[in-house]
Amino acid sequence: MTVTAGKTSNDFFAMVDAFRMDAGRAVKVTGKVVEFDDDAADAATECFRGDEDIEDTFETTYDALRVWRAQNASTSDVDAFHAFMVSLRTRPQARWQCLVAALMSVQCLDKVALRAFETLRDSTLDREVTLEAIAAMSTRELEQHLSTLNLFRVKAKYIRACSDVIRHKFRGEVPRTVGALKTLPGVGDKLAHLVASVSYGGDEDGFAGIVVDTHVKRVAKRLGWAQAGDDVESVRMSVQARVKREEWEAATLGLIALGQRFCHAKAPACAACPVNASCPSAPRTYIDARIDECFKDGEYSD
């Protein structure tokens with residue numbers, strides 16, 4: 001993959017995500033071009049790859065993930081952020097406020113982004129982060145309210161730019177489709193799917209598909225649900241092909257939670273992971289131990 005630096009892009013945060021998701025890749029800098037060694041990243045991601053048939057283990061792995069999520073509901077950072085995003089559906093200019101929160105969350109802990117959003121909201125006259133409220137702020141004011149965030153100046157720039165584009169080009173309405181959302185300044189693939197997935201209610205839920213962030217991309221590849229060299233869109237299509245449409249949102253949250261709690265980019269906590277018994281990337285020790293347990297429990301017999 002090649003990322004051209006030194007130019008303003010509508011996909012700025014997609015580029016940020018590329019750096020984040022490709023952490024650990026060998027990097028070569030030539031002039032204004034930053035090149036990543038895909039083979040090195042894939043080797044790191046697939047370091048524990050086994051020979052299991054993924055299609056045979058998918059249901060077992062997914063069932064284990066669902067059981068773990070059911071027993072640990074709302075205990076992950078992603079759950080709090082998702083609940084907050086969904087709660088914005090009842091607020092004025094709901095899709096716009098959801099977009100602002102999503103932009104603020106890039107390269108940032110969810111709880112930090114939530115606190116910053118509350119600070120921004122409390123600074124407005126009617127305690128709502130509306131298009132008009134952003135337009136009334138100076139750039140310096142907006143930056144001050146976002147100062148606890150990583151890349152806060154860049155985020156302030158893109159929030160203001162999105163406000164201008166939505167007010168003048170889209171007549172004050174946030175676009176409804178992923179494709180149109182990606183035309184907004186600073187909005188890349190992940191943010192477009194996130195906003196489209198959580199900012200609408202009713203029958204539109206889940207329409208946008210699996211949201212592929214750094215955790216979903218890494219975990220899906222380690223589980224064998226996507227190929228080592230797959231890009232974000234390929235990962236999304238692979239996971240969606242396996243998971244029922246009505247479970248896309250739950251699957252997204254489950255994979256993110258798994259990545260946050262256990263399947264870390266470096267030193268994954270395989271010993272504690274709830275899906276280690278069927279994960280093809282886990283050390284054989286955990287898979288063999290689970291097989292032994294099944295024989296002892298009578299799940300397998302001659």
# chains A, B, ... in the order shown; residues from 1 in each chain; ligands from 1

call {"tool": "residues_around", "arguments": {"residues": "A:Thr139", "least_positions_apart": "2", "cutoff": "10 Å", "atoms": "only C-alpha atoms", "output": "list in words"}}
result
Ile134, Ala135, Ala136, Met137, Glu141, Leu142, Glu143, Gln144, Arg153, Ala156, Lys157 and Arg160 of chain A

call {"tool": "select_by_dssp", "arguments": {"residues": "stretch 83-159 of chain A", "states": "alpha helix (DSSP H)", "output": "ChimeraX atom specification"}}
result
/A:83-87,94-105,110-122,131-136,139-145,152-159

call {"tool": "residues_around", "arguments": {"residues": "A:Ala208", "least_positions_apart": "6", "cutoff": "9 Å", "atoms": "only C-alpha atoms", "output": "PDB file with N, CA and C atoms, in the first residue's frame"}}
result
ATOM      1  N   THR A 177     -26.085   8.028   2.556  1.00  0.00           N
ATOM      2  CA  THR A 177     -25.388   6.854   2.022  1.00  0.00           C
ATOM      3  C   THR A 177     -23.896   6.900   2.344  1.00  0.00           C
ATOM      4  N   VAL A 178     -23.293   5.719   2.367  1.00  0.00           N
ATOM      5  CA  VAL A 178     -21.864   5.629   2.630  1.00  0.00           C
ATOM      6  C   VAL A 178     -21.073   6.390   1.571  1.00  0.00           C
ATOM      7  N   ALA A 192     -17.546   6.541   7.534  1.00  0.00           N
ATOM      8  CA  ALA A 192     -18.779   6.572   6.749  1.00  0.00           C
ATOM      9  C   ALA A 192     -19.693   5.409   7.137  1.00  0.00           C
ATOM     10  N   HIS A 193     -19.125   4.217   7.257  1.00  0.00           N
ATOM     11  CA  HIS A 193     -19.927   3.057   7.650  1.00  0.00           C
ATOM     12  C   HIS A 193     -20.406   3.176   9.095  1.00  0.00           C
ATOM     13  N   LEU A 194     -19.570   3.722   9.965  1.00  0.00           N
ATOM     14  CA  LEU A 194     -19.960   3.892  11.357  1.00  0.00           C
ATOM     15  C   LEU A 194     -21.156   4.825  11.465  1.00  0.00           C
ATOM     16  N   VAL A 195     -21.070   5.989  10.833  1.00  0.00           N
ATOM     17  CA  VAL A 195     -22.154   6.972  10.910  1.00  0.00           C
ATOM     18  C   VAL A 195     -23.424   6.422  10.271  1.00  0.00           C
ATOM     19  N   ALA A 196     -23.293   5.788   9.119  1.00  0.00           N
ATOM     20  CA  ALA A 196     -24.464   5.245   8.437  1.00  0.00           C
ATOM     21  C   ALA A 196     -25.102   4.110   9.225  1.00  0.00           C
ATOM     22  N   SER A 197     -24.295   3.397  10.004  1.00  0.00           N
ATOM     23  CA  SER A 197     -24.809   2.242  10.740  1.00  0.00           C
ATOM     24  C   SER A 197     -25.539   2.625  12.025  1.00  0.00           C
TER      25      SER A 197
END

call {"tool": "residues_around", "arguments": {"residues": "stretch 241-244 of chain A", "least_positions_apart": "5", "cutoff": "9 Å", "atoms": "only C-alpha atoms", "output": "ChimeraX atom specification"}}
result
/A:58,62,225,236,251

call {"tool": "residues_around", "arguments": {"residues": "A:Leu184", "least_positions_apart": "2", "cutoff": "9 Å", "atoms": "only C-alpha atoms", "output": "list of chain:residue names"}}
result
A:Asn10, A:Asp11, A:Tyr158, A:Ala161, A:Cys162, A:Val165, A:Ile166, A:Pro175, A:Ala180, A:Leu181, A:Lys182, A:Gly186, A:Val187, A:Gly188

call {"tool": "residues_around", "arguments": {"residues": "A:Ala226", "least_positions_apart": "3", "cutoff": "6 Å", "atoms": "only C-alpha atoms", "output": "JSON, numbers by chain"}}
result
{"A": [220, 221, 235, 238]}

call {"tool": "residues_around", "arguments": {"residues": "A:Leu114", "least_positions_apart": "4", "cutoff": "9 Å", "atoms": "only C-alpha atoms", "output": "ChimeraX atom specification"}}
result
/A:81,84,101,104-105,109-110,118-119

call {"tool": "select_by_dssp", "arguments": {"residues": "stretch 27-273 of chain A", "states": "strand (DSSP E)", "output": "number ranges by chain"}}
result
A: 27-30, 33-37
